[in-house]
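A.B. asks: Mind looking over this structure? Questions follow.
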Amino acid sequence: MLNIKRIRNLEEYKLRRKITALFVILLIVITSLPGCSKKGKDQEAGQLNSTVNDGQTDNGKIKDKSEEPTMGRYMEEEVALPELSSNERIIKILENADKQMEIYTLKSGDEFGYFCYQLQEDMTWKRNTPGWLNDGEAVKNKSAEDICLGMDGNYYASFIDYSDNNVKSYIIKSEDSGKTAGLLKIPYLEKETQILENYHYYPSIEKMRVLKDGSLVLYDRWETGSLHVYSEKEDQLDKLSIGDEQNFITSDEDIITVNEDGTGVIFYDPALGKAERTIDFNNTESANAYALKEDGTLILGNSGGIHRLPNNGTLWETVVDGSLNSMSMPSLQFNGLFVREGEQEEYYAVYTNNDSGYELMHYVFNEKVASVPEKEITVYSLKENKTIRQAISLYQAENSDTKVNYVVAMGDEGGNVSDYIRALNTELLAGNGADVLVLDGLPVDSYIEKGVLSDITDIMNPLEQSGEVLSNISDYYHKDGKVYEMPLRFSIPVIAGKTEAIKAAVNTDSIVKYIKQTNIPYSESTTYQALLQDYSALYSRELFQNGELNEESFTLFLRNMKIIAENIKASENDENSINESIPSQLFFDKLFLGNVVSLQKKVATSTEQVKNIMGTMLLFEVLKDKDIGYQSINQMYIPSGAVGLNSKSGETDIAKKFIGFLFGEKVQDTNLYDGFPVNAGSMKKWIAEDNADFNVTIGDAEGYKLSAEWPKKEEREAFLTTVMEVKIPIETNQILLNMIVEEAVPFLKGETDESQVVAAVKTKVNTYLAE
């Protein structure tokens with residue numbers, strides 16, 4: 001597992017590096033993001049009543065524009081956060097007993113201390129020093145994990161101590177009207193959960209709430225899917241199983257959170273030891289945040305919006321549509337939600353972002369704004385695209401009169417790609433379909449030939465002439481003087497190894513020659529399926545000529561693949577069938593695992609799909625061995641988020657405006673871990689970014705370990721040279737690749753002969769291409 005953490009002081013930094021290297025086994029985890037949760041983007045929120053904010057017909061289209069529009073909807077306003085001093089960062093944003101927003105911060109270094117900023121009526125912030133949070137050795141040089149105001153009226157803070165080879169939590173409680181603090185003695189926190197090579201792990205409390213009787217509700221990072229309820233009066237600890245989510249809220253007596261199977265929201269009474277009631281709610285993978293009104297009304301916020309459940313009610317009402325504001329942005333995760341009473345309720349939402357920072361939004365009902373935007377376009381993609389989702393929120397924030405619907409054909413449940421494409425083709429060829437198409441995985445050449453796509457040269461030319469987009473990416477997409485598609489992001493398959501080994505990656509013939517000369521495994525072992533998918537994608541230009549599968553080239557490819565599969569000891573796939581993400585595991589080839597290349601001499605090359613600067617950290621660590629070099633594979637890149645314009649769009653002007661918006665810095669600046677930006681200005685910002693406190697450590701059960709820090713300026717600039725050299729996209733057709741994999745895997749296993757595979761694949765592929 002790969003573990004990435006923000007290290008905020010030297011002592012913690014050293015110990016975390018050691019702990020991480022011992023604890024992780026080949027899985028990426030980003031623990032530096034506070035409140036980080038899984039975040040899906042299904043916008044349905046369960047059993048939701050339609051409200052004045054719906055304003056849509058059953059098919060999701062805006063009502064007849066000749067009708068008088070319904071007025072009134074919640075609008076989003078960003079609340080400016082206080083200006084912090086150097087080495088000061090936000091720990092928690094919450095609400096005090098007077099319904100006043102409070103921001104708690106920590107200033108590290110020589111002037112170590114905690115501060116509290118309170119939001120005034122004029123929307124300015126007033127700073128004070130909370131005595132209880134700066135009281136004594138218990139908090140000195142320690143970073144709080146969570147701070148809360150209990151239902152008993154007291155403040156609480158949890159800390160995690162990483163000193164003396166321990167990972168241990170403790171909790172303090174405000175006393176003497178907030179002037180001092182007392183350390184709580186909780187037996188559960190003294191329970192050692194595991195020992196790993198002299199490191200002692202105890203419960204690690206990341207979040208907590210407090211009931212009116214003083215009982216603590218604790219979320220332990222080592223025990224996901226559960227909450228612990230500790231009653232000091234009864235010295236009793238109860239355990240509650242919950243869904244895969246960290247967020248919860250307490251009323252005076254109840255705990256409110258997602259139930260274990262994620263199908264509803266439960267009201268759990270610790271005194272009874274069971275849920276009093278469960279309200280159906282289609283919990284997406286986005287983080288929920290909760291607020292309670294004095295009358296018992298529950299307010300729930302997630303990526304789909306803000307929803308209300310009256311006290312003792314059973315039906316949810318959506319009052320704020322998340323698709324029209326920041327809630328649906330992949331770069332933001334709900335961290336807190338607060339409600340203000342009045343003729344119309346007002347809401348404050350706290351978000352954490354991808355940069356480990358906080359954002360505070362205010363939602364106010366505006367009766368002068370149409371409940372549903374007057375204009376509308378639709379964007380279609382086979383699978384969820386984070387950059388598109390992000391851009392939609394940003395675009396709508398600037399264009400409140402326009403709604404951008406996003407149709408994602410394939411959800412997490414998967415399905416047959418061919419069926420989805422055929423359904424889309426039927427729509428498009430009938431002159432219908434979305435205004436903007438995300439073309440990843442779709443038959444673009446066929447769409448161009450049949451006139452489905454419009455020329456977007458008038459959008460792209462100004463961006464290219466001004467130097468806003470990278471010419472080495474955009475140049476390829478000019479065909480016969482026209483542009484029909486352009487990617488929003490791209491990643492680079494980078495290969496590392498000795499010079500002779502990485503040069504061999506030019507084609508499969510050269511790889512086989514290198515293998516025969518050295519008899520060294522060319523790469524880490526993988527499955528037959530992954531090997532075939534990735535090599536078929538990398539070298540597809542050798543296989544297809546003049547719109548057909550070249551029999552001679554494919555036969556040679558098969559022979560070479562069998563030699564390579566035997567060389568790296570490829571194996572049968574597990575219960576998972578063909579991996580439909582392209583490219584697949586080979587491009588992640590154990591992330592230069594344990595510097596096997598430079599130290600263990602185990603394999604000749606290691607390959608990684610680099611999507612951002614963070615992805616180069618381990619690469620540059622491996623390159624400290626002077627015998628190791630790196631390069632892109634054949635100056636190729638993997639495009640993603642390629643967008644095109646439906647020639648039958650009824651809203652061409654709006655659709656073009658949206659497409660142009662996609663390539664601006666406002667969208668492209670944000671790192672969503674889905675590829676490098678194609679905007680030149682954004683790329684420069686990414687290269688210039690210096691995250692000196694980022695640390696990466698990987699390891700596996702065989703004892704390989706490797707730690708790396710953020711690349712130095714000269715290393716980042718050197719990689720920019722590689723970025724600017726790529727010019728050939730790896731264009732993949734998932735249906736074709738599936739045909740090749742399905743027939744060729746038995747051949748690699750020795751179950752069929754070469755001629756059978758060639759004949760079967762040729763028939764399937766050429767029939768498909770002729771359609």
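All residue names refer to the structure tokens as shown: chains lettered A, B, ... in order, residues numbered from 1 in each chain, ligands numbered from 1 in order.
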Please list as a list in words every residue within 7 Å of segment 325-330 of chain A, counting only C-alpha atoms and excluding residues in the same chain fewer than 5 positions away.

C.D. replies: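 Within the cut-off, the hits are Lys41, Glu76, Asn302, Ser303, Gly304, Gly305, Lys386, Arg389, Gln390, Ser393, Gln396 and Ala397 of chain A.
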
A.B. asks: Keeping only N, CA, C and O atoms, write those residues as a PDB file, in the first residue's frame.

C.D. replies:
ATOM      1  N   LYS A  41     -20.663  10.473  -7.591  1.00  0.00           N
ATOM      2  CA  LYS A  41     -21.377  11.631  -8.082  1.00  0.00           C
ATOM      3  C   LYS A  41     -22.784  11.305  -8.556  1.00  0.00           C
ATOM      4  O   LYS A  41     -23.323  11.982  -9.388  1.00  0.00           O
ATOM      5  N   GLU A  76     -25.490  30.202  -4.039  1.00  0.00           N
ATOM      6  CA  GLU A  76     -24.263  29.950  -3.261  1.00  0.00           C
ATOM      7  C   GLU A  76     -23.397  31.204  -3.201  1.00  0.00           C
ATOM      8  O   GLU A  76     -23.172  31.871  -4.211  1.00  0.00           O
ATOM      9  N   ASN A 302     -24.974  16.466   0.821  1.00  0.00           N
ATOM     10  CA  ASN A 302     -24.002  15.629   0.109  1.00  0.00           C
ATOM     11  C   ASN A 302     -23.841  16.195  -1.305  1.00  0.00           C
ATOM     12  O   ASN A 302     -24.310  17.290  -1.602  1.00  0.00           O
ATOM     13  N   SER A 303     -23.178  15.461  -2.169  1.00  0.00           N
ATOM     14  CA  SER A 303     -22.909  15.990  -3.509  1.00  0.00           C
ATOM     15  C   SER A 303     -24.183  16.248  -4.296  1.00  0.00           C
ATOM     16  O   SER A 303     -24.194  17.019  -5.246  1.00  0.00           O
ATOM     17  N   GLY A 304     -25.278  15.610  -3.902  1.00  0.00           N
ATOM     18  CA  GLY A 304     -26.539  15.816  -4.599  1.00  0.00           C
ATOM     19  C   GLY A 304     -27.285  17.056  -4.168  1.00  0.00           C
ATOM     20  O   GLY A 304     -28.182  17.523  -4.869  1.00  0.00           O
ATOM     21  N   GLY A 305     -26.947  17.619  -2.995  1.00  0.00           N
ATOM     22  CA  GLY A 305     -27.623  18.819  -2.540  1.00  0.00           C
ATOM     23  C   GLY A 305     -27.832  18.817  -1.042  1.00  0.00           C
ATOM     24  O   GLY A 305     -27.203  18.067  -0.289  1.00  0.00           O
ATOM     25  N   LYS A 386     -14.100  13.297 -13.854  1.00  0.00           N
ATOM     26  CA  LYS A 386     -14.007  14.264 -12.759  1.00  0.00           C
ATOM     27  C   LYS A 386     -13.853  15.698 -13.264  1.00  0.00           C
ATOM     28  O   LYS A 386     -14.438  16.630 -12.710  1.00  0.00           O
ATOM     29  N   ARG A 389     -17.156  16.986 -14.425  1.00  0.00           N
ATOM     30  CA  ARG A 389     -18.019  17.274 -13.261  1.00  0.00           C
ATOM     31  C   ARG A 389     -17.596  18.576 -12.586  1.00  0.00           C
ATOM     32  O   ARG A 389     -18.434  19.401 -12.222  1.00  0.00           O
ATOM     33  N   GLN A 390     -16.305  18.761 -12.431  1.00  0.00           N
ATOM     34  CA  GLN A 390     -15.784  19.981 -11.817  1.00  0.00           C
ATOM     35  C   GLN A 390     -16.154  21.202 -12.659  1.00  0.00           C
ATOM     36  O   GLN A 390     -16.604  22.233 -12.143  1.00  0.00           O
ATOM     37  N   SER A 393     -19.847  22.502 -12.440  1.00  0.00           N
ATOM     38  CA  SER A 393     -20.122  23.326 -11.253  1.00  0.00           C
ATOM     39  C   SER A 393     -19.560  24.732 -11.423  1.00  0.00           C
ATOM     40  O   SER A 393     -20.225  25.722 -11.100  1.00  0.00           O
ATOM     41  N   GLN A 396     -21.619  26.744 -14.086  1.00  0.00           N
ATOM     42  CA  GLN A 396     -22.934  27.164 -13.608  1.00  0.00           C
ATOM     43  C   GLN A 396     -22.821  28.277 -12.571  1.00  0.00           C
ATOM     44  O   GLN A 396     -23.713  29.130 -12.469  1.00  0.00           O
ATOM     45  N   ALA A 397     -21.711  28.295 -11.827  1.00  0.00           N
ATOM     46  CA  ALA A 397     -21.507  29.373 -10.866  1.00  0.00           C
ATOM     47  C   ALA A 397     -21.369  30.711 -11.571  1.00  0.00           C
ATOM     48  O   ALA A 397     -21.778  31.752 -11.048  1.00  0.00           O
TER      49      ALA A 397
END

A.B. asks: Which residues are near Pro711 of chain A? Cut-off 12 Å, only C-alpha atoms, ignore same chain within fewer than 6 positions. Put them as a list in words.

C.D. replies: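 My list of contacting residues is Asn612, Ile613, Met614, Gly615, Thr616, Met617, Leu618, Leu619, Phe620, Glu621, Val622, Leu623, Lys624, Trp686, Ile687, Ala688, Glu689, Asp690, Asn691, Ala692, Asp693, Phe694, Asn695, Val696, Glu717, Ala718 and Phe719 of chain A.
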
A.B. asks: Determine the nearest neighbour of Glu294 of chain A from the options A:Thr508, A:Ser143, A:Thr129, A:Asn311, counting only C-alpha atoms.

C.D. replies: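 Ranking A:Thr508, A:Ser143, A:Thr129, A:Asn311 by distance to Glu294 of chain A, first place goes to A:Asn311.
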
A.B. asks: Segment 291-476 of chain A: which residues are strand (DSSP E) by DSSP, as a ChimeraX atom specification?

C.D. replies: /A:291-292,298-302,305-309,316-321,332-340,346-353,358-370,375-381,402-408,436-438,453-454

A.B. asks: Set out as a Markdown table a contact list for segment 324-409 of chain A and segment 659-665 of chain A with a cut-off of 9 Å, giving each residue of segment 324-409 of chain A that qualifies its closest atom pair and distance in Å to one decimal, counting only C-alpha atoms, ordered by chain and rising residue number.

C.D. replies:
| residue | atom | partner | partner_atom | distance |
| --- | --- | --- | --- | --- |
| A:Thr387 | CA | A:Leu662 | CA | 8.4 |
| A:Ile388 | CA | A:Leu662 | CA | 7.7 |
| A:Ala391 | CA | A:Leu662 | CA | 6.3 |
| A:Ile392 | CA | A:Leu662 | CA | 8.8 |
| A:Tyr395 | CA | A:Phe661 | CA | 7.4 |

A.B. asks: Which parts of segment 277-502 of chain A does DSSP call alpha helix (DSSP H) when run on the backbone here, written out as a PyMOL selection string?

C.D. replies: chain A and resi 386-398+417-429+444-449+457-465+471-474+499-502

A.B. asks: Hey, what's within 7 Å of Lys368 of chain A if we count only C-alpha atoms and toss same-chain stuff fewer than 2 positions away? As a ChimeraX atom specification, please?

C.D. replies: /A:71-72,366,370

A.B. asks: Could you pull the residues within 8 Å of segment 94-107 of chain A, counting only C-alpha atoms, minus those fewer than 2 positions along the same chain, as a list of chain:residue names?

C.D. replies: A:Ser85, A:Ser86, A:Asn87, A:Glu88, A:Arg89, A:Ile90, A:Ile91, A:Lys92, A:Gly109, A:Glu111, A:Phe112, A:Gly113, A:Tyr114, A:Phe115, A:Cys116, A:Tyr117, A:Gln118, A:Leu119, A:Gln120, A:Ser143, A:Cys148, A:Leu149, A:Gly153, A:Gly336, A:Phe338, A:Arg340

A.B. asks: Take the residues from that selection and write them out as a compact mmCIF listing (two decimals), in the first residue's frame, keeping N, CA, C and O atoms.

C.D. replies:
# COMPACT_ATOMS: atom_id res chain seq x y z
N SER A 85 -1.56 33.65 9.33
CA SER A 85 -0.13 33.97 9.32
C SER A 85 0.65 32.77 8.78
O SER A 85 0.09 31.69 8.55
N SER A 86 1.93 32.95 8.57
CA SER A 86 2.76 31.84 8.08
C SER A 86 2.77 30.72 9.12
O SER A 86 2.70 30.95 10.32
N ASN A 87 2.81 29.50 8.64
CA ASN A 87 2.83 28.31 9.48
C ASN A 87 1.53 28.13 10.27
O ASN A 87 1.51 27.40 11.27
N GLU A 88 0.46 28.77 9.83
CA GLU A 88 -0.83 28.62 10.51
C GLU A 88 -1.79 27.91 9.57
O GLU A 88 -1.88 28.24 8.39
N ARG A 89 -2.53 26.93 10.08
CA ARG A 89 -3.45 26.18 9.24
C ARG A 89 -4.73 25.89 10.01
O ARG A 89 -4.76 25.86 11.24
N ILE A 90 -5.79 25.65 9.25
CA ILE A 90 -7.10 25.38 9.85
C ILE A 90 -7.17 23.94 10.32
O ILE A 90 -6.80 23.00 9.61
N ILE A 91 -7.68 23.76 11.55
CA ILE A 91 -7.90 22.44 12.11
C ILE A 91 -9.37 22.04 11.99
O ILE A 91 -9.71 20.92 11.63
N LYS A 92 -10.28 23.00 12.30
CA LYS A 92 -11.70 22.67 12.33
C LYS A 92 -12.54 23.94 12.15
O LYS A 92 -12.18 25.01 12.62
N GLY A 109 5.72 25.74 14.82
CA GLY A 109 7.01 26.42 14.91
C GLY A 109 7.26 27.00 16.28
O GLY A 109 6.67 26.57 17.29
N GLU A 111 6.33 29.77 17.55
CA GLU A 111 5.18 30.45 18.14
C GLU A 111 3.98 29.50 18.22
O GLU A 111 2.84 29.89 18.02
N PHE A 112 4.24 28.25 18.56
CA PHE A 112 3.20 27.22 18.58
C PHE A 112 2.02 27.65 19.44
O PHE A 112 2.17 28.15 20.55
N GLY A 113 0.82 27.46 18.88
CA GLY A 113 -0.38 27.77 19.64
C GLY A 113 -1.63 27.62 18.81
O GLY A 113 -1.59 27.59 17.58
N TYR A 114 -2.77 27.53 19.52
CA TYR A 114 -4.07 27.41 18.87
C TYR A 114 -4.82 28.73 18.95
O TYR A 114 -4.74 29.45 19.95
N PHE A 115 -5.59 29.04 17.89
CA PHE A 115 -6.36 30.27 17.84
C PHE A 115 -7.77 29.96 17.37
O PHE A 115 -8.03 28.94 16.73
N CYS A 116 -8.68 30.88 17.69
CA CYS A 116 -10.07 30.74 17.27
C CYS A 116 -10.51 32.03 16.60
O CYS A 116 -10.33 33.13 17.15
N TYR A 117 -11.09 31.91 15.40
CA TYR A 117 -11.63 33.06 14.67
C TYR A 117 -13.15 32.93 14.67
O TYR A 117 -13.69 31.89 14.30
N GLN A 118 -13.84 34.00 15.06
CA GLN A 118 -15.30 33.99 15.10
C GLN A 118 -15.85 34.94 14.03
O GLN A 118 -15.38 36.07 13.87
N LEU A 119 -16.86 34.45 13.30
CA LEU A 119 -17.45 35.22 12.21
C LEU A 119 -18.41 36.27 12.78
O LEU A 119 -19.36 35.93 13.50
N GLN A 120 -18.18 37.54 12.46
CA GLN A 120 -19.00 38.63 12.95
C GLN A 120 -20.16 38.91 11.99
O GLN A 120 -20.21 38.39 10.87
N SER A 143 -0.74 18.23 17.32
CA SER A 143 -1.76 18.69 16.38
C SER A 143 -3.08 18.00 16.66
O SER A 143 -3.16 16.77 16.74
N CYS A 148 -14.78 19.55 18.77
CA CYS A 148 -16.24 19.60 18.69
C CYS A 148 -16.81 20.29 19.91
O CYS A 148 -16.17 20.36 20.97
N LEU A 149 -18.02 20.80 19.77
CA LEU A 149 -18.80 21.33 20.88
C LEU A 149 -19.82 20.27 21.23
O LEU A 149 -20.71 19.95 20.43
N GLY A 153 -22.52 21.08 26.24
CA GLY A 153 -22.08 22.46 26.35
C GLY A 153 -20.59 22.65 26.49
O GLY A 153 -20.12 23.80 26.56
N GLY A 336 -18.83 19.70 6.98
CA GLY A 336 -19.74 20.18 8.02
C GLY A 336 -20.91 20.92 7.41
O GLY A 336 -20.84 21.41 6.27
N PHE A 338 -24.39 23.55 8.64
CA PHE A 338 -25.04 24.29 9.71
C PHE A 338 -26.24 25.03 9.13
O PHE A 338 -26.22 25.45 7.97
N ARG A 340 -29.42 28.03 9.68
CA ARG A 340 -29.87 29.23 10.37
C ARG A 340 -31.39 29.34 10.19
O ARG A 340 -31.90 29.21 9.08

A.B. asks: Give me the residues within 10 Å of Arg277 of chain A as a ChimeraX atom specification, counting only C-alpha atoms and dropping any in the same chain fewer than 4 places off.

C.D. replies: /A:264-269,312,314

A.B. asks: Smallest atom-to-atom distance to Met561 of chain A: which of A:Arg209, A:Lys749, A:Arg221, A:Lys764, using only C-alpha atoms?

C.D. replies: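 That would be A:Lys749, the residue with the smallest distance to Met561 of chain A.
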
A.B. asks: What is the distance between atom CA of Leu470 of chain A and atom CA of Ser647 of chain A, in Å to one decimal?

C.D. replies: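 According to the coordinates, atom CA of Leu470 of chain A and atom CA of Ser647 of chain A are separated by 25.7 Å.
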
A.B. asks: Point out the residue among A:Ser640, A:Ser231, A:Asn288, A:Ser755 with the least atom-to-atom distance to Asn385 of chain A, counting only C-alpha atoms.

C.D. replies: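 When distances to Asn385 of chain A are compared using only C-alpha atoms, the smallest one comes from A:Ser640.
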